[in-house]
>>> print(open('my_file_32.txt').read())   # compact mmCIF, C-alpha atoms and all ligand atoms
# COMPACT_ATOMS: atom_id res chain seq x y z
CA MET A 1 117.83 -6.13 38.91
CA GLY A 2 114.62 -7.20 40.55
CA GLY A 3 111.20 -8.13 39.32
CA GLY A 4 111.67 -9.97 36.07
CA LEU A 5 111.24 -13.44 34.68
CA PRO A 6 114.93 -14.05 33.88
CA ALA A 7 115.92 -14.67 30.31
CA GLY A 8 116.10 -18.35 29.53
CA SER A 9 113.86 -19.31 32.43
CA HIS A 10 111.51 -22.10 31.65
CA PRO A 11 109.78 -24.96 33.38
CA GLY A 12 112.90 -27.04 33.68
CA ALA A 13 112.28 -28.76 36.99
CA ALA A 14 110.87 -32.22 37.32
CA PRO A 15 107.09 -32.13 37.53
CA PRO A 16 105.68 -32.53 41.00
CA PRO A 17 104.86 -36.12 41.94
CA GLY A 18 101.51 -37.35 40.79
CA HIS A 19 101.27 -34.79 38.05
CA ALA A 20 101.62 -35.87 34.46
CA PRO A 21 102.64 -32.91 32.34
CA GLY A 22 101.51 -32.69 28.73
CA HIS A 23 105.07 -32.84 27.52
CA ALA A 24 108.54 -33.41 28.83
CA PRO A 25 109.89 -30.56 30.96
CA GLY A 26 111.94 -28.14 28.97
CA THR A 27 110.29 -28.88 25.68
CA LEU A 28 107.44 -27.34 23.79
CA ARG A 29 104.35 -29.35 23.02
CA GLN A 30 105.74 -30.36 19.67
CA GLY A 31 109.01 -31.36 21.22
CA ALA A 32 110.92 -28.26 20.16
CA PRO A 33 113.31 -26.75 22.71
CA VAL A 34 111.96 -23.93 24.83
CA LYS A 35 113.08 -20.60 23.48
CA PRO A 36 114.51 -18.09 25.92
CA HIS A 37 111.93 -15.85 27.54
CA ALA A 38 112.17 -12.14 27.31
CA ARG A 39 112.44 -10.29 30.59
CA ARG A 40 108.99 -9.99 31.91
CA PRO A 41 107.92 -7.77 34.73
CA LEU A 42 106.92 -9.48 37.93
CA PRO A 43 104.67 -9.98 39.72
CA LEU A 44 102.45 -11.95 37.39
CA ARG A 45 98.90 -10.95 38.25
CA VAL A 46 96.48 -13.84 38.67
CA GLY A 47 92.71 -13.34 38.55
CA THR A 48 90.43 -15.43 40.74
CA ARG A 49 86.97 -15.40 42.26
CA GLY A 50 86.91 -14.83 45.98
CA SER A 51 85.11 -17.93 47.25
CA PRO A 52 87.09 -20.22 49.56
CA LEU A 53 87.05 -22.89 46.82
CA ALA A 54 88.29 -20.47 44.14
CA LEU A 55 91.08 -19.22 46.43
CA TRP A 56 92.10 -22.77 47.28
CA GLN A 57 92.28 -23.63 43.58
CA THR A 58 94.30 -20.53 42.81
CA ARG A 59 96.80 -21.09 45.63
CA THR A 60 97.20 -24.73 44.71
CA PHE A 61 97.80 -23.79 41.11
CA LEU A 62 100.43 -21.19 42.06
CA ASP A 63 102.19 -23.79 44.25
CA LEU A 64 102.27 -26.18 41.32
CA LEU A 65 103.63 -23.49 39.04
CA LEU A 66 106.37 -22.70 41.56
CA ARG A 67 107.39 -26.33 41.88
CA PHE A 68 107.51 -26.61 38.13
CA CYS A 69 109.21 -23.29 37.52
CA PRO A 70 111.50 -22.66 40.51
CA VAL A 71 112.85 -19.51 38.92
CA LEU A 72 109.58 -17.88 40.02
CA ARG A 73 110.37 -18.57 43.68
CA ASN A 74 110.38 -14.97 44.57
CA ALA A 75 108.24 -13.43 47.25
CA LYS A 76 106.72 -11.11 44.72
CA ALA A 77 106.30 -13.46 41.79
CA PHE A 78 102.49 -13.44 41.94
CA GLU A 79 99.81 -10.99 42.86
CA GLU A 80 96.32 -12.31 43.51
CA HIS A 81 93.46 -10.21 42.14
CA VAL A 82 90.07 -11.21 43.55
CA ILE A 83 87.35 -10.43 41.04
CA THR A 84 83.65 -10.49 41.88
CA THR A 85 81.68 -11.93 38.99
CA SER A 86 77.99 -11.55 38.10
CA GLY A 87 77.54 -15.13 39.26
CA ASP A 88 78.87 -14.19 42.71
CA ARG A 89 76.79 -11.01 42.95
CA ILE A 90 73.44 -12.53 42.07
CA GLN A 91 72.54 -14.96 44.81
CA ASP A 92 68.76 -14.99 44.74
CA LYS A 93 68.16 -16.28 41.23
CA ARG A 94 68.87 -19.32 39.20
CA LEU A 95 71.73 -18.41 36.86
CA ALA A 96 69.70 -19.74 33.94
CA ASP A 97 67.12 -17.04 34.66
CA ILE A 98 69.62 -14.24 34.27
CA GLY A 99 71.14 -15.28 30.99
CA GLY A 100 73.27 -18.18 32.06
CA LYS A 101 76.48 -19.02 30.37
CA GLY A 102 79.81 -17.74 31.58
CA LEU A 103 78.49 -15.65 34.47
CA PHE A 104 81.32 -16.77 36.73
CA ALA A 105 83.90 -15.70 34.17
CA LYS A 106 82.68 -12.54 32.41
CA GLU A 107 84.40 -9.97 34.63
CA ILE A 108 87.54 -12.13 34.78
CA HIS A 109 87.72 -12.22 30.96
CA GLU A 110 87.34 -8.43 30.93
CA ALA A 111 90.22 -8.00 33.38
CA LEU A 112 92.39 -10.28 31.23
CA LEU A 113 91.57 -8.45 28.01
CA ASP A 114 92.12 -5.05 29.67
CA GLY A 115 95.55 -6.17 30.87
CA ARG A 116 94.65 -5.82 34.57
CA ILE A 117 95.61 -9.46 35.13
CA ASP A 118 97.96 -11.85 33.27
CA PHE A 119 96.15 -15.14 33.76
CA ALA A 120 93.10 -16.50 35.56
CA VAL A 121 92.13 -19.65 37.42
CA HIS A 122 88.67 -21.14 36.80
CA SER A 123 86.60 -24.17 37.66
CA LEU A 124 86.38 -25.53 34.14
CA LYS A 125 82.71 -26.37 34.55
CA ASP A 126 81.93 -22.69 35.07
CA LEU A 127 83.86 -21.65 31.94
CA GLU A 128 81.81 -21.33 28.75
CA THR A 129 82.96 -23.42 25.77
CA GLU A 130 83.24 -20.45 23.46
CA LEU A 131 85.75 -18.09 25.05
CA PRO A 132 85.83 -14.43 24.01
CA PRO A 133 88.18 -13.69 21.10
CA GLY A 134 91.69 -13.12 22.40
CA ILE A 135 91.36 -15.52 25.36
CA VAL A 136 92.53 -19.12 25.34
CA LEU A 137 92.53 -22.01 27.77
CA ALA A 138 96.25 -22.38 28.40
CA CYS A 139 96.15 -25.48 30.56
CA THR A 140 93.98 -27.89 32.48
CA LEU A 141 95.11 -29.43 35.77
CA LYS A 142 94.85 -33.02 36.93
CA ARG A 143 91.22 -33.89 37.56
CA GLU A 144 89.85 -34.28 41.07
CA ASP A 145 86.99 -36.80 41.43
CA ALA A 146 84.31 -35.65 38.97
CA ARG A 147 81.33 -37.19 40.77
CA ASP A 148 78.49 -35.47 42.56
CA THR A 149 77.46 -36.23 46.12
CA LEU A 150 74.14 -36.35 47.88
CA ILE A 151 74.16 -34.62 51.25
CA LEU A 152 71.31 -35.37 53.59
CA GLY A 153 70.08 -32.79 56.07
CA PRO A 154 69.56 -33.54 59.75
CA ASN A 155 65.93 -34.63 59.24
CA CYS A 156 66.53 -36.95 56.32
CA PRO A 157 66.91 -40.66 57.11
CA ALA A 158 69.98 -42.45 55.81
CA VAL A 159 69.79 -43.77 52.25
CA ASP A 160 71.16 -46.94 50.69
CA ALA A 161 74.36 -46.14 48.80
CA ALA A 162 73.49 -48.79 46.21
CA ASP A 163 70.20 -47.06 45.35
CA PRO A 164 70.38 -43.61 46.91
CA TYR A 165 67.40 -42.08 45.14
CA ALA A 166 64.96 -44.84 46.08
CA ALA A 167 65.36 -44.27 49.81
CA LEU A 168 64.70 -40.52 49.85
CA PRO A 169 61.41 -39.80 51.67
CA THR A 170 58.39 -39.14 49.46
CA GLY A 171 58.17 -35.46 48.57
CA ALA A 172 61.56 -34.63 50.09
CA ARG A 173 62.77 -31.10 49.37
CA ILE A 174 66.03 -31.15 47.45
CA GLY A 175 67.99 -27.89 47.41
CA THR A 176 69.88 -27.27 44.19
CA ALA A 177 70.16 -24.55 41.58
CA SER A 178 71.55 -26.93 38.99
CA LEU A 179 69.09 -27.91 36.25
CA ARG A 180 71.34 -30.87 35.40
CA ARG A 181 71.09 -32.30 38.92
CA GLN A 182 67.39 -31.42 39.15
CA ALA A 183 66.49 -33.17 35.87
CA GLN A 184 68.33 -36.38 36.76
CA LEU A 185 66.78 -36.50 40.24
CA LEU A 186 63.25 -35.81 39.03
CA HIS A 187 63.62 -38.37 36.26
CA ALA A 188 64.30 -41.01 38.91
CA ARG A 189 61.90 -39.58 41.52
CA PRO A 190 59.17 -37.32 40.07
CA ASP A 191 57.67 -36.88 43.54
CA LEU A 192 60.67 -34.94 44.89
CA GLN A 193 60.46 -31.18 45.24
CA VAL A 194 63.35 -29.12 44.00
CA GLN A 195 64.15 -25.88 45.79
CA MET A 196 66.62 -23.29 44.71
CA ILE A 197 69.70 -23.11 46.91
CA ARG A 198 72.63 -21.04 45.72
CA GLY A 199 75.77 -19.67 47.25
CA ASN A 200 79.17 -21.17 47.82
CA VAL A 201 79.76 -24.63 49.23
CA GLY A 202 79.88 -23.47 52.87
CA SER A 203 76.72 -21.37 52.69
CA ARG A 204 74.81 -24.16 50.96
CA LEU A 205 75.75 -26.58 53.72
CA ALA A 206 74.66 -24.00 56.31
CA LYS A 207 71.27 -23.65 54.57
CA LEU A 208 70.86 -27.41 54.65
CA ALA A 209 71.71 -27.52 58.36
CA ALA A 210 69.13 -24.75 58.93
CA GLY A 211 66.44 -26.92 57.39
CA GLU A 212 65.95 -24.95 54.15
CA ALA A 213 65.97 -28.29 52.34
CA ASP A 214 65.99 -31.97 53.26
CA ALA A 215 69.00 -32.78 51.08
CA THR A 216 71.33 -31.14 48.59
CA LEU A 217 73.84 -32.16 45.94
CA LEU A 218 77.39 -30.89 45.64
CA ALA A 219 80.45 -31.79 43.61
CA LEU A 220 82.81 -34.09 45.50
CA ALA A 221 85.76 -32.13 44.07
CA GLY A 222 84.76 -28.95 45.88
CA LEU A 223 84.11 -30.77 49.15
CA LYS A 224 87.45 -32.56 49.00
CA ARG A 225 89.36 -29.38 48.29
CA LEU A 226 87.71 -27.71 51.25
CA GLU A 227 88.34 -30.78 53.41
CA MET A 228 84.62 -31.35 53.79
CA ALA A 229 84.29 -34.66 51.92
CA ASP A 230 83.01 -36.22 55.14
CA ARG A 231 79.85 -34.15 54.71
CA ALA A 232 78.84 -36.24 51.70
CA SER A 233 76.24 -38.85 52.66
CA VAL A 234 76.61 -40.74 49.38
CA VAL A 235 78.92 -40.34 46.39
CA LEU A 236 76.77 -40.74 43.30
CA ASP A 237 77.98 -42.96 40.52
CA ALA A 238 78.76 -40.93 37.38
CA GLU A 239 76.18 -43.00 35.48
CA ALA A 240 73.43 -42.35 38.06
CA MET A 241 74.20 -38.62 38.14
CA VAL A 242 76.16 -37.62 35.06
CA PRO A 243 78.52 -34.80 36.15
CA ALA A 244 78.85 -31.46 34.39
CA ALA A 245 81.40 -31.13 31.61
CA GLY A 246 84.69 -30.13 33.20
CA GLN A 247 83.62 -30.92 36.77
CA GLY A 248 86.64 -31.44 39.02
CA ILE A 249 89.06 -29.79 36.58
CA VAL A 250 90.76 -26.43 37.09
CA GLY A 251 91.53 -24.49 33.92
CA ILE A 252 93.82 -21.50 33.39
CA THR A 253 93.09 -18.79 30.84
CA VAL A 254 95.54 -16.33 29.28
CA ARG A 255 95.49 -13.76 26.50
CA ALA A 256 96.06 -15.56 23.20
CA ALA A 257 98.69 -12.97 22.31
CA ASP A 258 100.72 -13.68 25.47
CA GLU A 259 102.80 -16.47 23.96
CA GLU A 260 105.37 -16.40 26.73
CA LEU A 261 102.90 -17.05 29.52
CA HIS A 262 100.88 -19.45 27.39
CA GLU A 263 104.00 -21.52 26.85
CA LEU A 264 104.95 -21.44 30.52
CA LEU A 265 101.47 -22.50 31.64
CA SER A 266 101.09 -25.23 29.05
CA GLY A 267 104.21 -26.71 30.62
CA ILE A 268 102.10 -27.91 33.54
CA GLU A 269 99.21 -29.18 31.49
CA ASP A 270 97.81 -32.55 32.56
CA ARG A 271 97.41 -34.52 29.37
CA SER A 272 94.60 -36.75 30.66
CA ALA A 273 92.62 -33.77 31.95
CA ARG A 274 93.04 -32.09 28.58
CA ALA A 275 91.76 -35.13 26.67
CA VAL A 276 88.66 -35.62 28.84
CA SER A 277 87.88 -31.92 28.94
CA ARG A 278 88.24 -31.69 25.18
CA ALA A 279 85.66 -34.48 24.75
CA GLU A 280 83.27 -33.06 27.35
CA ARG A 281 83.50 -29.50 26.06
CA ALA A 282 83.07 -30.58 22.43
CA LEU A 283 79.92 -32.47 23.51
CA LEU A 284 78.62 -29.37 25.28
CA ALA A 285 79.38 -27.14 22.29
CA ALA A 286 77.72 -29.54 19.83
CA LEU A 287 74.58 -29.82 21.95
CA ASP A 288 74.48 -26.03 21.83
CA GLY A 289 71.95 -26.02 24.64
CA SER A 290 70.46 -22.88 26.03
CA CYS A 291 71.36 -21.99 29.59
CA ARG A 292 68.12 -23.76 30.56
CA THR A 293 69.08 -27.10 29.03
CA PRO A 294 70.16 -29.73 31.54
CA ILE A 295 73.33 -31.26 30.06
CA GLY A 296 75.76 -33.75 31.53
CA GLY A 297 79.08 -34.87 30.10
CA HIS A 298 81.62 -37.19 31.60
CA ALA A 299 84.68 -38.70 29.93
CA ARG A 300 87.26 -41.09 31.30
CA LEU A 301 90.32 -42.76 29.90
CA LEU A 302 90.11 -46.54 29.80
CA PRO A 303 93.03 -48.84 30.67
CA ASN A 304 93.45 -49.60 26.96
CA GLY A 305 94.04 -45.90 26.31
CA GLU A 306 90.65 -45.29 24.70
CA LEU A 307 88.39 -42.49 25.82
CA HIS A 308 84.86 -43.27 27.01
CA LEU A 309 82.36 -40.41 27.00
CA THR A 310 78.83 -40.36 28.43
CA GLY A 311 76.51 -37.53 27.46
CA LEU A 312 73.11 -36.63 28.80
CA VAL A 313 70.41 -34.20 27.80
CA ALA A 314 67.10 -33.80 29.59
CA ARG A 315 64.11 -31.60 30.24
CA PRO A 316 64.40 -29.68 33.54
CA ASP A 317 61.38 -31.55 34.99
CA GLY A 318 62.93 -34.91 34.13
CA SER A 319 60.03 -35.88 31.84
CA PHE A 320 62.56 -36.48 29.06
CA LEU A 321 66.08 -37.79 29.57
CA LEU A 322 68.44 -39.20 26.98
CA LYS A 323 71.80 -40.65 27.92
CA ARG A 324 74.31 -42.23 25.55
CA SER A 325 77.96 -43.19 25.46
CA ILE A 326 80.66 -43.36 22.84
CA HIS A 327 84.25 -44.54 22.92
CA GLY A 328 87.24 -44.31 20.65
CA ALA A 329 90.83 -43.15 20.39
CA ALA A 330 91.71 -40.49 22.98
CA ALA A 331 93.39 -38.54 20.19
CA ASP A 332 89.91 -38.12 18.68
CA ALA A 333 88.44 -36.63 21.89
CA GLY A 334 87.01 -33.59 20.14
CA ARG A 335 85.42 -35.61 17.35
CA LEU A 336 83.92 -38.10 19.83
CA GLY A 337 82.36 -35.26 21.82
CA ARG A 338 80.98 -33.60 18.71
CA GLU A 339 79.56 -36.84 17.37
CA LEU A 340 77.87 -37.77 20.63
CA GLY A 341 76.49 -34.24 21.06
CA GLU A 342 75.10 -34.09 17.53
CA GLY A 343 73.41 -37.47 17.95
CA LEU A 344 71.86 -36.52 21.29
CA ARG A 345 70.61 -33.27 19.85
CA ALA A 346 69.13 -34.90 16.77
CA ASP A 347 67.14 -37.34 18.91
CA SER A 348 65.86 -34.89 21.52
CA PRO A 349 62.69 -32.78 21.33
CA ALA A 350 63.41 -29.25 20.14
CA ASP A 351 61.81 -27.50 23.15
CA ILE A 352 64.75 -28.56 25.30
CA PHE A 353 67.14 -26.31 23.42
CA ILE A 354 65.01 -23.17 23.47
CA GLY A 355 66.10 -20.66 26.11
N1 LIG V 401 79.01 -24.17 40.18
C1 LIG V 401 79.84 -23.98 41.34
C2 LIG V 401 81.00 -24.91 41.33
N2 LIG V 401 81.95 -24.84 40.40
C3 LIG V 401 82.87 -25.84 40.62
C4 LIG V 401 82.45 -26.55 41.73
C5 LIG V 401 83.12 -27.73 42.31
C6 LIG V 401 84.54 -27.95 41.90
C7 LIG V 401 84.72 -28.52 40.54
O1 LIG V 401 83.78 -29.01 39.89
O2 LIG V 401 85.88 -28.51 40.08
C8 LIG V 401 81.28 -25.96 42.21
C9 LIG V 401 80.49 -26.37 43.39
C10 LIG V 401 79.53 -27.51 43.13
O3 LIG V 401 79.00 -27.65 42.02
O4 LIG V 401 79.26 -28.28 44.06
>>> encode(input="my_file_32.txt", output="structure tokens", more="lines below")
Ligand SMILES: NCc1[nH]cc(CCC(=O)O)c1CC(=O)O
Amino acid sequence: MGGGLPAGSHPGAAPPPGHAPGHAPGTLRQGAPVKPHARRPLPLRVGTRGSPLALWQTRTFLDLLLRFCPVLRNAKAFEEHVITTSGDRIQDKRLADIGGKGLFAKEIHEALLDGRIDFAVHSLKDLETELPPGIVLACTLKREDARDTLILGPNCPAVDAADPYAALPTGARIGTASLRRQAQLLHARPDLQVQMIRGNVGSRLAKLAAGEADATLLALAGLKRLEMADRASVVLDAEAMVPAAGQGIVGITVRAADEELHELLSGIEDRSARAVSRAERALLAALDGSCRTPIGGHARLLPNGELHLTGLVARPDGSFLLKRSIHGAAADAGRLGRELGEGLRADSPADIFIG
């Protein structure tokens, strides 16, 4: 009999090195034994965007799943479904101008709900906090470096890593489509000019090389995954450029009703990534910004086990910027995020939240 997830199969192998699963292999989150799986038709169909970064993330995730669940080591265990999203199609506009949230996920959610795919791999920072009914975030993978980088074009003189903004030439043209990066840059350097550059990591670097801007900003996580980290001129401290909520984390969605797959996927959950993403996403949800609100959120776990969260809200032109931090028990990640978000919102001018 071919093509089925055998009864009783479960993530029983040791987790791959360097990966801390959310719970011991072979147990459910609450410590209950894994119940036998029903026979499930293979291949499992995985939805992904088609960019080189998205494909890298998907293949890396499938490798991890195979190492954790060797019973799936079957040539036909997975089928990759590349899905073009609205965010991929629209390249000439700022996403905020076309209705913003979740544009890299909409068509992927539809495929999941229609049953055309079984699960999907996302960059968590591109995944809206309020998922459509019937879809859940099954697991979050170990975080890659969450920081942003500054990448100088060929005509831009080197900057001092200790104070990277100060050394940018007066009036330099910075290519970014991210209002969060724009607001933080303009707050530090109101003289800079921000130009829209969109497209995937490779095409943005090509535009920079072609002189369309003097410098750009990209997530270090994406550069590392594409083996292009050497393109970063300076890695920006997370306090100097607060990253986006979920930056550097890959998240997997499934249908809420698909308990079998949900259980399998939550077997490879990274507990630290879940805690920090819970805090960052609760902050984002509590701020309830419009798609035009620059928002940053970055959590980390401290050596004493506490969670430290920095949140930022600003006006796109940088004329207002409010940044605050909170810390507390990691188990309270969601409450910490909510509290910080509500405080930031209460103390910010209302125009920032209007789309
Ligand atoms: N918005 C595009 C996007 N979504 C996720 C990443 C980087 C990888 C990650 O954050 O996990 C990027 C590129 C970038 O912002 O430079």
>>> atom_distance(input="my_file_32.txt", atom1="CA of Ile135 in chain A", atom2="CA of Asp288 in chain A")
20.2 Å
>>> residues_near_ligand(input="my_file_32.txt", ligand="ligand LIG 401 (chain V)", cutoff="10 Å", atoms="all atoms listed in the file", output="PyMOL selection string")
chain A and resi 51+53-54+57+87-88+95+104+122-127+143-149+176-178+181+198-202+204+216-226+243-251
>>> closest_residue(input="my_file_32.txt", among="A:Gly318, A:Gly328, A:Gly355, A:Gly134", to="Arg300 in chain A", atoms="all atoms listed in the file")
A:Gly328
>>> closest_residue(input="my_file_32.txt", among="A:Arg292, A:Arg315, A:Arg278, A:Arg255", to="Leu336 in chain A", atoms="all atoms listed in the file")
A:Arg278
>>> residues_near_point(input="my_file_32.txt", point="(72.7, -37.7, 29.9)", cutoff="10 Å", atoms="all atoms listed in the file", output="list of chain:residue names")
A:Arg180, A:Ala183, A:Gln184, A:Glu239, A:Ala240, A:Met241, A:Val242, A:Pro243, A:Ala244, A:Pro294, A:Ile295, A:Gly296, A:Gly297, A:His298, A:Thr310, A:Gly311, A:Leu312, A:Val313, A:Ala314, A:Leu321, A:Leu322, A:Lys323, A:Arg324, A:Ser325, A:Leu344
>>> write_last_selection(input="my_file_32.txt", atoms="C-alpha atoms", output="compact mmCIF listing (two decimals), in the frame of the given file")
# COMPACT_ATOMS: atom_id res chain seq x y z
CA ARG A 180 71.34 -30.87 35.40
CA ALA A 183 66.49 -33.17 35.87
CA GLN A 184 68.33 -36.38 36.76
CA GLU A 239 76.18 -43.00 35.48
CA ALA A 240 73.43 -42.35 38.06
CA MET A 241 74.20 -38.62 38.14
CA VAL A 242 76.16 -37.62 35.06
CA PRO A 243 78.52 -34.80 36.15
CA ALA A 244 78.85 -31.46 34.39
CA PRO A 294 70.16 -29.73 31.54
CA ILE A 295 73.33 -31.26 30.06
CA GLY A 296 75.76 -33.75 31.53
CA GLY A 297 79.08 -34.87 30.10
CA HIS A 298 81.62 -37.19 31.60
CA THR A 310 78.83 -40.36 28.43
CA GLY A 311 76.51 -37.53 27.46
CA LEU A 312 73.11 -36.63 28.80
CA VAL A 313 70.41 -34.20 27.80
CA ALA A 314 67.10 -33.80 29.59
CA LEU A 321 66.08 -37.79 29.57
CA LEU A 322 68.44 -39.20 26.98
CA LYS A 323 71.80 -40.65 27.92
CA ARG A 324 74.31 -42.23 25.55
CA SER A 325 77.96 -43.19 25.46
CA LEU A 344 71.86 -36.52 21.29
>>> atom_distance(input="my_file_32.txt", atom1="CA of Gly341 in chain A", atom2="CA of Ala286 in chain A")
5.0 Å
>>> atom_distance(input="my_file_32.txt", atom1="CA of Leu284 in chain A", atom2="CA of Glu110 in chain A")
23.4 Å
>>> residues_near_point(input="my_file_32.txt", point="(71.2, -29.9, 55.9)", cutoff="9 Å", atoms="all atoms listed in the file", output="PDB file with C-alpha atoms, keeping the file's coordinate frame")
ATOM      1  CA  ILE A 151      74.160 -34.620  51.250  1.00  0.00           C
ATOM      2  CA  LEU A 152      71.310 -35.370  53.590  1.00  0.00           C
ATOM      3  CA  GLY A 153      70.080 -32.790  56.070  1.00  0.00           C
ATOM      4  CA  PRO A 154      69.560 -33.540  59.750  1.00  0.00           C
ATOM      5  CA  ASN A 155      65.930 -34.630  59.240  1.00  0.00           C
ATOM      6  CA  CYS A 156      66.530 -36.950  56.320  1.00  0.00           C
ATOM      7  CA  ARG A 204      74.810 -24.160  50.960  1.00  0.00           C
ATOM      8  CA  LEU A 205      75.750 -26.580  53.720  1.00  0.00           C
ATOM      9  CA  ALA A 206      74.660 -24.000  56.310  1.00  0.00           C
ATOM     10  CA  LYS A 207      71.270 -23.650  54.570  1.00  0.00           C
ATOM     11  CA  LEU A 208      70.860 -27.410  54.650  1.00  0.00           C
ATOM     12  CA  ALA A 209      71.710 -27.520  58.360  1.00  0.00           C
ATOM     13  CA  ALA A 210      69.130 -24.750  58.930  1.00  0.00           C
ATOM     14  CA  GLY A 211      66.440 -26.920  57.390  1.00  0.00           C
ATOM     15  CA  GLU A 212      65.950 -24.950  54.150  1.00  0.00           C
ATOM     16  CA  ALA A 213      65.970 -28.290  52.340  1.00  0.00           C
ATOM     17  CA  ASP A 214      65.990 -31.970  53.260  1.00  0.00           C
ATOM     18  CA  ALA A 215      69.000 -32.780  51.080  1.00  0.00           C
ATOM     19  CA  THR A 216      71.330 -31.140  48.590  1.00  0.00           C
TER      20      THR A 216
END
>>> closest_residue(input="my_file_32.txt", among="A:Val194, A:Leu265, A:Ala275, A:Leu168", to="Cys69 in chain A", atoms="only C-alpha atoms")
A:Leu265
>>> closest_residue(input="my_file_32.txt", among="A:Asp237, A:Asp63, A:Asp118, A:Glu269", to="Pro43 in chain A", atoms="only C-alpha atoms")
A:Asp118
>>> residues_around(input="my_file_32.txt", residues="Leu131 in chain A", least_positions_apart="5", cutoff="12 Å", atoms="all atoms listed in the file", output="ChimeraX atom specification")
/A:101-102,105-106,108-110,112-113,124,126,136-138,253-256,281,285
>>> closest_residue(input="my_file_32.txt", among="A:Arg49, A:His262, A:Arg231, A:Arg274", to="Ser86 in chain A", atoms="only C-alpha atoms")
A:Arg49
>>> residues_around(input="my_file_32.txt", residues="Arg45 in chain A", least_positions_apart="4", cutoff="10 Å", atoms="all atoms listed in the file", output="list of chain:residue names")
A:Ala77, A:Phe78, A:Glu79, A:Glu80, A:His81, A:Leu112, A:Gly115, A:Arg116, A:Ile117, A:Asp118, A:Phe119, A:Ala120
>>> write_last_selection(input="my_file_32.txt", atoms="C-alpha atoms", output="mmCIF file, in the coordinates of the input")
data_model
loop_
_atom_site.group_PDB
_atom_site.id
_atom_site.type_symbol
_atom_site.label_atom_id
_atom_site.label_comp_id
_atom_site.auth_asym_id
_atom_site.auth_seq_id
_atom_site.Cartn_x
_atom_site.Cartn_y
_atom_site.Cartn_z
ATOM 1 C CA ALA A 77 106.300 -13.460 41.790
ATOM 2 C CA PHE A 78 102.490 -13.440 41.940
ATOM 3 C CA GLU A 79 99.810 -10.990 42.860
ATOM 4 C CA GLU A 80 96.320 -12.310 43.510
ATOM 5 C CA HIS A 81 93.460 -10.210 42.140
ATOM 6 C CA LEU A 112 92.390 -10.280 31.230
ATOM 7 C CA GLY A 115 95.550 -6.170 30.870
ATOM 8 C CA ARG A 116 94.650 -5.820 34.570
ATOM 9 C CA ILE A 117 95.610 -9.460 35.130
ATOM 10 C CA ASP A 118 97.960 -11.850 33.270
ATOM 11 C CA PHE A 119 96.150 -15.140 33.760
ATOM 12 C CA ALA A 120 93.100 -16.500 35.560
#
